[in-house]
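**Student:** Quick one: the structure is below, and I'll ask about it shortly.
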Amino acid sequence: MILKEIKSDLFNISNRIKAIDKKYFVVFNRKKQKFEVHYRRNKNTYELTVPYDALDARAVEFVRKTRVQNKQKIFDEIEKSNAEFERKKTKDIIENVNRRIYESK
């Protein structure tokens, strides 16, 4: 079997993830050598892959942050990041143009 359910662990991470939503459960995917979070439902229980090598407090925060209920917050963060990137890009372009104008005089 490729997936092994983690029912208990040293730092109680699997139970802390279940505390976020009682239908969550944690597995270790032996083929990918990664931890995954699944959601108990009839089909396709996969929710996400934990992006860390260890099952620790970061995994709990990652699950909280990526929940569907937080999608608007995630979209807002992306928009804010994109706006900041555009401001910086515009500022860099203006500074580059001004430097070239100054150097050409």
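Following the order of the structure tokens, first chain is A, next is B, and so on, with residues numbered from 1 inside each chain and ligands from 1 in the order they appear.
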Please build the interface table for segment 38-105 of chain A against segment 4-15 of chain A with a cut-off of 9 Å, listing for each qualifying residue the nearest atom pair and the distance in Å to one decimal; count only C-alpha atoms, order rows by chain and increasing number, and write it as JSON lines.
**Tutor:**
{"residue": "A:Leu55", "atom": "CA", "partner": "A:Ile13", "partner_atom": "CA", "distance": 6.7}
{"residue": "A:Asp56", "atom": "CA", "partner": "A:Ile13", "partner_atom": "CA", "distance": 6.2}
{"residue": "A:Ala57", "atom": "CA", "partner": "A:Ile13", "partner_atom": "CA", "distance": 6.8}
{"residue": "A:Ala59", "atom": "CA", "partner": "A:Ile13", "partner_atom": "CA", "distance": 7.8}
{"residue": "A:Val60", "atom": "CA", "partner": "A:Ile13", "partner_atom": "CA", "distance": 6.8}
**Student:** Determine, counting only C-alpha atoms, which protein, DNA and RNA residues have an atom within 7 Å of an atom of Val50 of chain A; residues of the same chain fewer than 3 positions away are not included. Present the result as a list in words.
**Tutor:**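 Selected residues are Lys34, Phe35, Glu36 and Ala59 of chain A.
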**Student:** Per DSSP on the backbone, what are the strand (DSSP E) residues of chain A, as a list in words?
**Tutor:**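 Going through chain A, the strand (DSSP E) residues come out as Leu3, Lys4, Glu5, Ile6, Tyr24, Phe25, Val26, Val27, Phe28, Asn29, Lys34, Phe35, Glu36, Val37, His38, Tyr39, Tyr46, Glu47, Leu48 and Thr49 of chain A.
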**Student:** Quick one: distance from atom CA of Ala54 of chain A to atom CA of Phe75 of chain A in Å, one decimal?
**Tutor:**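 Atom CA of Phe75 of chain A lies 27.2 Å from atom CA of Ala54 of chain A.
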**Student:** Considering only C-alpha atoms, state which residue in the set A:Glu47, A:Asp76, A:Glu61, A:Glu86 is at the smallest distance from Phe25 of chain A.
**Tutor:**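 Using only C-alpha atoms, Phe25 of chain A sits closest to A:Glu47.
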